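Okay, target.pdb now, which holds PDB, C-alpha atoms and all ligand atoms:
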ATOM      1  CA  MET K   1      88.948 156.824 106.578  1.00  0.00           C
ATOM      2  CA  GLU K   2      89.564 153.320 105.346  1.00  0.00           C
ATOM      3  CA  THR K   3      92.646 151.462 106.525  1.00  0.00           C
ATOM      4  CA  LEU K   4      94.360 148.241 105.618  1.00  0.00           C
ATOM      5  CA  ASP K   5      97.090 146.471 107.538  1.00  0.00           C
ATOM      6  CA  CYS K   6      98.356 142.948 107.904  1.00  0.00           C
ATOM      7  CA  GLU K   7      97.322 142.572 111.536  1.00  0.00           C
ATOM      8  CA  ARG K   8      93.863 144.142 111.551  1.00  0.00           C
ATOM      9  CA  GLY K   9      92.821 143.550 107.949  1.00  0.00           C
ATOM     10  CA  ALA K  10      90.508 146.066 106.307  1.00  0.00           C
ATOM     11  CA  GLY K  11      88.873 148.617 108.553  1.00  0.00           C
ATOM     12  CA  TYR K  12      88.505 152.261 109.403  1.00  0.00           C
ATOM     13  CA  ARG K  13      90.184 154.826 111.599  1.00  0.00           C
ATOM     14  CA  THR K  14      89.557 158.387 112.649  1.00  0.00           C
ATOM     15  CA  GLN K  15      91.903 161.331 112.397  1.00  0.00           C
ATOM     16  CA  LEU K  16      93.637 162.290 115.654  1.00  0.00           C
ATOM     17  CA  LEU K  17      91.300 163.253 118.492  1.00  0.00           C
ATOM     18  CA  THR K  18      91.539 164.234 122.136  1.00  0.00           C
ATOM     19  CA  ARG K  19      91.303 161.277 124.492  1.00  0.00           C
ATOM     20  CA  ASP K  20      87.849 162.483 125.533  1.00  0.00           C
ATOM     21  CA  HIS K  21      86.497 162.620 121.996  1.00  0.00           C
ATOM     22  CA  ALA K  22      88.082 159.275 121.144  1.00  0.00           C
ATOM     23  CA  GLU K  23      86.381 157.651 124.134  1.00  0.00           C
ATOM     24  CA  GLN K  24      83.003 159.168 123.296  1.00  0.00           C
ATOM     25  CA  PHE K  25      83.220 158.124 119.649  1.00  0.00           C
ATOM     26  CA  ALA K  26      84.447 154.631 120.544  1.00  0.00           C
ATOM     27  CA  ALA K  27      81.542 154.171 122.958  1.00  0.00           C
ATOM     28  CA  CYS K  28      79.065 154.988 120.180  1.00  0.00           C
ATOM     29  CA  LEU K  29      80.755 152.550 117.798  1.00  0.00           C
ATOM     30  CA  GLU K  30      80.758 149.797 120.413  1.00  0.00           C
ATOM     31  CA  ALA K  31      77.012 150.281 120.886  1.00  0.00           C
ATOM     32  CA  ASN K  32      76.442 149.999 117.116  1.00  0.00           C
ATOM     33  CA  PRO K  33      75.962 146.439 115.784  1.00  0.00           C
ATOM     34  CA  LEU K  34      77.486 147.394 112.408  1.00  0.00           C
ATOM     35  CA  PHE K  35      80.991 147.656 113.910  1.00  0.00           C
ATOM     36  CA  GLN K  36      83.412 145.530 115.890  1.00  0.00           C
ATOM     37  CA  ASP K  37      87.049 145.502 117.091  1.00  0.00           C
ATOM     38  CA  VAL K  38      86.750 149.064 118.361  1.00  0.00           C
ATOM     39  CA  GLU K  39      90.061 150.244 119.783  1.00  0.00           C
ATOM     40  CA  ILE K  40      91.425 153.572 121.005  1.00  0.00           C
ATOM     41  CA  LEU K  41      95.046 153.897 119.961  1.00  0.00           C
ATOM     42  CA  GLU K  42      97.696 156.504 120.681  1.00  0.00           C
ATOM     43  CA  SER K  43      99.744 157.818 117.792  1.00  0.00           C
ATOM     44  CA  PRO K  44     103.420 157.154 118.489  1.00  0.00           C
ATOM     45  CA  ARG K  45     104.422 160.380 116.710  1.00  0.00           C
ATOM     46  CA  ALA K  46     101.747 162.921 117.645  1.00  0.00           C
ATOM     47  CA  LYS K  47     102.258 165.402 120.478  1.00  0.00           C
ATOM     48  CA  GLY K  48      99.707 167.455 122.371  1.00  0.00           C
ATOM     49  CA  ASP K  49      96.081 166.726 123.253  1.00  0.00           C
ATOM     50  CA  ARG K  50      94.999 165.355 119.884  1.00  0.00           C
ATOM     51  CA  ARG K  51      97.073 162.204 119.685  1.00  0.00           C
ATOM     52  CA  TRP K  52      94.413 159.473 119.905  1.00  0.00           C
ATOM     53  CA  TYR K  53      92.491 157.759 117.176  1.00  0.00           C
ATOM     54  CA  VAL K  54      89.781 155.140 117.028  1.00  0.00           C
ATOM     55  CA  ALA K  55      90.273 152.059 114.834  1.00  0.00           C
ATOM     56  CA  TYR K  56      87.336 149.782 114.061  1.00  0.00           C
ATOM     57  CA  ALA K  57      86.122 147.208 111.569  1.00  0.00           C
ATOM     58  CA  PRO K  58      82.819 146.354 109.926  1.00  0.00           C
ATOM     59  CA  ALA K  59      81.010 143.605 111.812  1.00  0.00           C
ATOM     60  CA  THR K  60      79.949 141.435 108.872  1.00  0.00           C
ATOM     61  CA  GLU K  61      82.087 139.300 106.588  1.00  0.00           C
ATOM     62  CA  GLU K  62      80.321 140.849 103.553  1.00  0.00           C
ATOM     63  CA  ALA K  63      81.199 144.362 104.629  1.00  0.00           C
ATOM     64  CA  ARG K  64      84.826 143.404 105.268  1.00  0.00           C
ATOM     65  CA  GLU K  65      85.012 141.748 101.827  1.00  0.00           C
ATOM     66  CA  ALA K  66      83.523 144.855 100.211  1.00  0.00           C
ATOM     67  CA  LEU K  67      86.191 146.979 101.913  1.00  0.00           C
ATOM     68  CA  LEU K  68      88.944 144.702 100.633  1.00  0.00           C
ATOM     69  CA  HIS K  69      87.517 144.905  97.098  1.00  0.00           C
ATOM     70  CA  ARG K  70      87.486 148.703  97.296  1.00  0.00           C
ATOM     71  CA  GLN K  71      91.115 148.655  98.461  1.00  0.00           C
ATOM     72  CA  GLN K  72      92.083 146.451  95.486  1.00  0.00           C
ATOM     73  CA  ASP K  73      90.058 148.594  93.057  1.00  0.00           C
ATOM     74  CA  ARG K  74      91.890 151.674  94.299  1.00  0.00           C
ATOM     75  CA  ARG K  75      95.272 150.086  93.533  1.00  0.00           C
ATOM     76  CA  ILE K  76      94.093 149.022  90.076  1.00  0.00           C
ATOM     77  CA  ALA K  77      92.890 152.575  89.370  1.00  0.00           C
ATOM     78  CA  THR K  78      96.207 154.064  90.565  1.00  0.00           C
ATOM     79  CA  ALA K  79      98.206 151.606  88.470  1.00  0.00           C
ATOM     80  CA  LEU K  80      96.202 152.558  85.363  1.00  0.00           C
ATOM     81  CA  VAL K  81      96.671 156.295  85.969  1.00  0.00           C
ATOM     82  CA  GLU K  82     100.411 155.959  86.655  1.00  0.00           C
ATOM     83  CA  PHE K  83     101.047 153.193  84.136  1.00  0.00           C
ATOM     84  CA  ASP K  84     102.909 155.352  81.617  1.00  0.00           C
ATOM     85  CA  ASP K  85     105.222 156.620  84.384  1.00  0.00           C
ATOM     86  CA  TYR K  86     106.397 153.108  85.258  1.00  0.00           C
ATOM     87  CA  LEU K  87     109.432 151.450  83.770  1.00  0.00           C
ATOM     88  CA  ILE K  88     109.236 147.656  83.897  1.00  0.00           C
ATOM     89  CA  VAL K  89     112.363 145.666  83.088  1.00  0.00           C
ATOM     90  CA  PRO K  90     113.016 141.926  83.458  1.00  0.00           C
ATOM     91  CA  SER K  91     115.872 141.274  85.889  1.00  0.00           C
ATOM     92  CA  GLY K  92     116.809 137.918  84.423  1.00  0.00           C
ATOM     93  CA  ALA K  93     116.631 136.518  87.957  1.00  0.00           C
ATOM     94  CA  GLY K  94     112.950 135.623  88.226  1.00  0.00           C
ATOM     95  CA  PHE K  95     111.570 139.073  89.041  1.00  0.00           C
ATOM     96  CA  TYR K  96     110.985 142.399  87.320  1.00  0.00           C
ATOM     97  CA  TRP K  97     112.444 145.760  88.246  1.00  0.00           C
ATOM     98  CA  VAL K  98     109.632 148.277  88.416  1.00  0.00           C
ATOM     99  CA  GLN K  99     110.559 151.926  88.691  1.00  0.00           C
ATOM    100  CA  GLY K 100     107.490 153.599  90.147  1.00  0.00           C
ATOM    101  CA  SER K 101     106.005 157.052  89.654  1.00  0.00           C
ATOM    102  CA  THR K 102     108.258 158.603  92.323  1.00  0.00           C
ATOM    103  CA  GLY K 103     111.489 157.053  91.020  1.00  0.00           C
ATOM    104  CA  HIS K 104     111.748 154.283  93.594  1.00  0.00           C
ATOM    105  CA  VAL K 105     112.747 150.917  92.156  1.00  0.00           C
ATOM    106  CA  TYR K 106     111.106 147.721  93.389  1.00  0.00           C
ATOM    107  CA  GLU K 107     111.588 144.000  92.832  1.00  0.00           C
ATOM    108  CA  VAL K 108     108.237 142.649  91.675  1.00  0.00           C
ATOM    109  CA  THR K 109     106.726 139.244  90.897  1.00  0.00           C
ATOM    110  CA  ASP K 110     103.114 138.053  90.764  1.00  0.00           C
ATOM    111  CA  LEU K 111     103.459 136.961  94.387  1.00  0.00           C
ATOM    112  CA  THR K 112     105.582 139.673  95.929  1.00  0.00           C
ATOM    113  CA  CYS K 113     106.827 143.263  95.749  1.00  0.00           C
ATOM    114  CA  THR K 114     109.414 145.073  97.842  1.00  0.00           C
ATOM    115  CA  CYS K 115     107.313 148.256  98.221  1.00  0.00           C
ATOM    116  CA  GLY K 116     105.919 149.326 101.586  1.00  0.00           C
ATOM    117  CA  ASP K 117     102.296 149.016 100.494  1.00  0.00           C
ATOM    118  CA  PHE K 118     102.739 145.355  99.610  1.00  0.00           C
ATOM    119  CA  THR K 119     104.839 144.598 102.698  1.00  0.00           C
ATOM    120  CA  HIS K 120     102.652 146.352 105.257  1.00  0.00           C
ATOM    121  CA  ARG K 121      99.164 146.174 103.771  1.00  0.00           C
ATOM    122  CA  CYS K 122      98.589 143.973 100.712  1.00  0.00           C
ATOM    123  CA  GLN K 123     100.599 140.900 101.661  1.00  0.00           C
ATOM    124  CA  GLY K 124      98.558 139.836 104.668  1.00  0.00           C
ATOM    125  CA  ASN K 125      95.242 140.595 102.993  1.00  0.00           C
ATOM    126  CA  GLY K 126      95.572 138.801  99.655  1.00  0.00           C
ATOM    127  CA  LEU K 127      95.761 142.043  97.652  1.00  0.00           C
ATOM    128  CA  ARG K 128      98.111 143.116  94.855  1.00  0.00           C
ATOM    129  CA  CYS K 129      99.973 146.429  95.036  1.00  0.00           C
ATOM    130  CA  LYS K 130      99.886 148.876  92.136  1.00  0.00           C
ATOM    131  CA  HIS K 131     103.273 147.588  90.891  1.00  0.00           C
ATOM    132  CA  GLN K 132     101.976 144.039  90.640  1.00  0.00           C
ATOM    133  CA  VAL K 133      98.845 145.298  88.890  1.00  0.00           C
ATOM    134  CA  ALA K 134     101.024 147.253  86.434  1.00  0.00           C
ATOM    135  CA  LEU K 135     103.314 144.274  85.839  1.00  0.00           C
ATOM    136  CA  ARG K 136     100.346 142.077  85.006  1.00  0.00           C
ATOM    137  CA  ALA K 137      98.918 144.706  82.642  1.00  0.00           C
ATOM    138  CA  ALA K 138     102.304 145.252  80.969  1.00  0.00           C
ATOM    139  CA  ARG K 139     102.702 141.525  80.361  1.00  0.00           C
ATOM    140  CA  ARG K 140      99.191 141.250  78.974  1.00  0.00           C
ATOM    141  CA  GLU K 141      99.825 144.131  76.570  1.00  0.00           C
ATOM    142  CA  GLY K 142     103.400 143.175  75.715  1.00  0.00           C
ATOM    143  CA  ARG K 143     104.695 146.493  77.062  1.00  0.00           C
ATOM    144  CA  ILE K 144     107.784 145.380  78.943  1.00  0.00           C
ATOM    145  CA  ALA K 145     111.128 146.935  78.057  1.00  0.00           C
ATOM    146  CA  ALA K 146     113.538 144.114  77.251  1.00  0.00           C
TER     147      ALA K 146
HETATM  148 ZN    ZN R 201     104.547 147.301  95.078  1.00  0.00          ZN
END

Translate the structure of the given file into structure tokens.
Ligand SMILES: [Zn+2]
Amino acid sequence: METLDCERGAGYRTQLLTRDHAEQFAACLEANPLFQDVEILESPRAKGDRRWYVAYAPATEEAREALLHRQQDRRIATALVEFDDYLIVPSGAGFYWVQGSTGHVYEVTDLTCTCGDFTHRCQGNGLRCKHQVALRAARREGRIAA
């Protein structure tokens, strides 16, 4: 599956595997010129034999860019689907309160959001989270509760 984090950027990872399977899969990826940064990682939470996964990235800049675009497109699509569930209110202090689809409330501007997705994934990769996408759309359409 696709992954995105601030340290590794856009890439892929497997589900949890046995150490043996992880090593075999990683060896195949390392031999394939389409991939780079192949790493076998241990899940800090998993117990038992299947607690390893393989993380890897596309080898070309174009492929990494395409992955980042897909990640942004996904957040835009989610924001559009959930848009009517959001409540967006100006705080009067330079940011907007955005109550998301699950009831959490975030502080959002064009440049930042207090949600986990922005903090752990979008921020370091130049992407906007779904709250920022929704805020921009709400402004454009004049749909902000005053
Ligand atoms: Zn957010």

Given the file above and the PyMOL selection byres (((not hetatm)) within 6 of (chain R and resi 201)), which residues are selected, and can you give them as an MDAnalysis selection string?
chainID K and resid 113 115 118 129:131

Would you output that residue set with C-alpha atoms, as a compact mmCIF listing (two decimals), in the coordinates of the input?
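Writing done, so here's out-v3.txt:
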# COMPACT_ATOMS: atom_id res chain seq x y z
CA CYS K 113 106.83 143.26 95.75
CA CYS K 115 107.31 148.26 98.22
CA PHE K 118 102.74 145.35 99.61
CA CYS K 129 99.97 146.43 95.04
CA LYS K 130 99.89 148.88 92.14
CA HIS K 131 103.27 147.59 90.89

Skip His104 in chain K itself and residues of its chain fewer than 3 positions away, then list as a count of residues only all residues within 10 Å of it, counting only C-alpha atoms.
6

Put the listed atoms of range 64-77 of chain K in a box along x, y and z with 3 Å added on every side and give me the centre and edge lengths in Å to one decimal, as lines of an AutoDock Vina configuration file.
center_x = 89.4
center_y = 147.2
center_z = 97.3
size_x = 17.7
size_y = 16.8
size_z = 21.9

Proximity to Leu67 in chain K - best of K:Leu127, K:Ala10, K:Leu41, K:Val108, only C-alpha atoms:
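Between K:Leu127, K:Ala10, K:Leu41, K:Val108, the residue approaching Leu67 in chain K most closely is K:Ala10.
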
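This file gives the following result for the PyMOL selection byres (((chain K and resi 54) around 6) and not hetatm): Arg13, Thr14, Glu39, Ile40, Tyr53 and Ala55 of chain K.
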
Selected residue of minimal separation from Thr3 in chain K among K:Gln71, K:Thr114, K:Thr78, K:Ser91, counting only C-alpha atoms
K:Gln71

For this file, the PyMOL selection byres (((chain K and resi 111) around 9) and not hetatm) selects which residues, as a list in words?
Val108, Thr109, Asp110, Thr112, Cys113, Gln123, Arg128 and Gln132 of chain K

Exercise: Ala27 in chain K partners within 12 Å, all atoms listed in the file, chain neighbours under 4 positions left out, as a ChimeraX atom specification
/K:20-23,31-33,35-40,54,56

Go through K:Leu135, K:Ala79, K:Leu34, K:Val89 one by one, measure the shortest atom-to-atom distance of each to Ala63 in chain K using only C-alpha atoms, and give the residue with the smallest value.
K:Leu34

Would you work out the distance separating CA of Pro44 in chain K from CA of Thr18 in chain K, expressed in Å to one decimal?
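Between CA of Pro44 in chain K and CA of Thr18 in chain K the gap is 14.3 Å.
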
If I take CA of Arg51 in chain K and CA of Phe25 in chain K, how far is one from the other in Å, to one decimal?
14.4 Å

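Compared by their closest atoms to Ala77 in chain K, and using all atoms listed in the file, the residues K:Val105, K:Ala93, K:Ala26, K:Ala137 rank with K:Ala137 nearest.
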
Quick check, in Å to one decimal: how far apart do CA of Arg8 in chain K and CA of Ala134 in chain K lie?
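Computed distance, CA of Arg8 in chain K to CA of Ala134 in chain K, equals 26.3 Å.
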
Could you pull the residues within 10 Å of Gly126 in chain K, counting only C-alpha atoms, minus those fewer than 4 positions along the same chain, as an MDAnalysis selection string?
chainID K and resid 6 9 68 72 111 118 121:122

Name the closest residue to Asp5 in chain K among the candidates K:Gly142, K:Gly48, K:Gly124, K:Gly116; distances are taken between atoms, counting all atoms listed in the file.
K:Gly124

Nearest to Ala59 in chain K, chosen from K:Phe83, K:Tyr106, K:Tyr12, K:Phe95, with all atoms listed in the file counted in the distances
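Residue with the minimum atom-to-atom distance to Ala59 in chain K: K:Tyr12.
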